[in-house]
Amino acid sequence: MAVAVITSLLAVQWLQPGQYVMLWSAPVLDALQQPARWFEEARLWLGKKQHLQQQNRQLRQKLAQQASLYQQVKSLQEDNRQLRQLLHVRQLHGYQWQAARVLGYSPDAKNRRLLLRIEGTRADDVVVSDEGLVGLVAHQTAEYAVVRTILDASLAVPLTTEDGRLIALGRSNGLELRVDFVAATSSLEVGDILQTSGAGGIYPPGIKVARVRQVEPRKGSPFLMVTATPLAHWQGKRWLAVARNP
């Protein structure tokens, strides 16, 4: 410390009076100016931080908007795909077809009831997908329709094979269709396609319904034990078609 003071005094004697004052005041001025510099640096840093935060918010908003637009495009593409598939539904003579938007499903595992947005339906109008029979309109209002699917035990569907060699009745067993009144002498086989026979006048003939999964003899009975899996997969569908007989 003493050496530093002596060195400073020796240096000072070679300076002019004005230079002596500046030499001793420089550290003091620097110390006084230091808070101002810190404040300015802090202000600049805070300004840059706020600017970066604003840019980050704007980027997040743009990303959210782009993600929303992407989902809308994907949804529209899926709607377009399903509607195009419905165009390939077999057009039955004498029936008018109308696309219907699916609004909801019943909470049971097989979605045995559906809610459609559609105008002008009537009870027992037939509902199909591009794969096959879905069910019947149970209740309707001016803009909505409740549909009982073929997995609803309240429905019974008259069935036949594609070549018309069979007369049977399909009813849900909760998971798939139980096909009753198939004679033990029938040539029905696993993998055969069952379709509506048109008997009873409710279902138009020729709509595909199910694929035979099991054929077994029933001891002491003139009928076989037959189960079939529905061809239509309505779970997750956003569009179905409703057939009306004007």
# chains A, B, ... in the order shown; residues from 1 in each chain; ligands from 1
$ residues_around --residues "A:Arg113" --least-positions-apart "4" --cutoff "7 Å" --atoms "only C-alpha atoms" --output "ChimeraX atom specification"
/A:105-106,146-149
$ residues_around --residues "stretch 156-160 of chain A" --least-positions-apart "3" --cutoff "9 Å" --atoms "only C-alpha atoms" --output "list in words"
Ile150, Asp152, Ala153, Asp163, Gly164, Arg165, Leu166, Ile167, Ala168, Leu169, Gly170, Arg171, Ser172, Val179, Ile193, Leu194, Gln195, Thr196, Ser197, Gly198, Ala199, Gly200, Ile202, Tyr203, Pro205, Gly206 and Val209 of chain A
$ residues_around --residues "stretch 114-129 of chain A" --least-positions-apart "2" --cutoff "6 Å" --atoms "only C-alpha atoms" --output "list in words"
Ala100, Arg101, Val102, Leu103, Gly104, Tyr105, Glu131, Gly132, Leu133, Val134, Gly135, Leu136, Val137, Ala138, His139, Ala142, Glu143, Tyr144, Ala145, Val146, Val147, Leu240, Ala241, Val242, Ala243 and Arg244 of chain A
$ residues_around --residues "stretch 228-234 of chain A" --least-positions-apart "3" --cutoff "6 Å" --atoms "only C-alpha atoms" --output "list in words"
Glu131, Gly132, Glu176, Leu177, Val209, Ala210, Arg211, Val212, Arg213 and Lys237 of chain A
$ atom_distance --atom1 "atom CA of A:Asn173" --atom2 "atom CA of A:Gly201"
23.4 Å
$ atom_distance --atom1 "atom CA of A:Phe223" --atom2 "atom CA of A:Gly191"
18.6 Å
$ atom_distance --atom1 "atom CA of A:Asn111" --atom2 "atom CA of A:Leu151"
8.3 Å
$ select_by_dssp --residues "stretch 37-218 of chain A" --states "strand (DSSP E or B)" --output "number ranges by chain"
A: 96-105, 113-117, 126-128, 133-140, 144-149, 156-161, 168-172, 177-180, 183, 193-196, 208-217
$ closest_residue --among "A:Gln66, A:Gln50, A:Thr185, A:Gln140" --to "A:Pro222" --atoms "only C-alpha atoms"
A:Thr185
$ select_by_dssp --residues "stretch 66-213 of chain A" --states "helix (DSSP H, G or I)" --output "VMD selection string"
chain A and resid 66 to 86
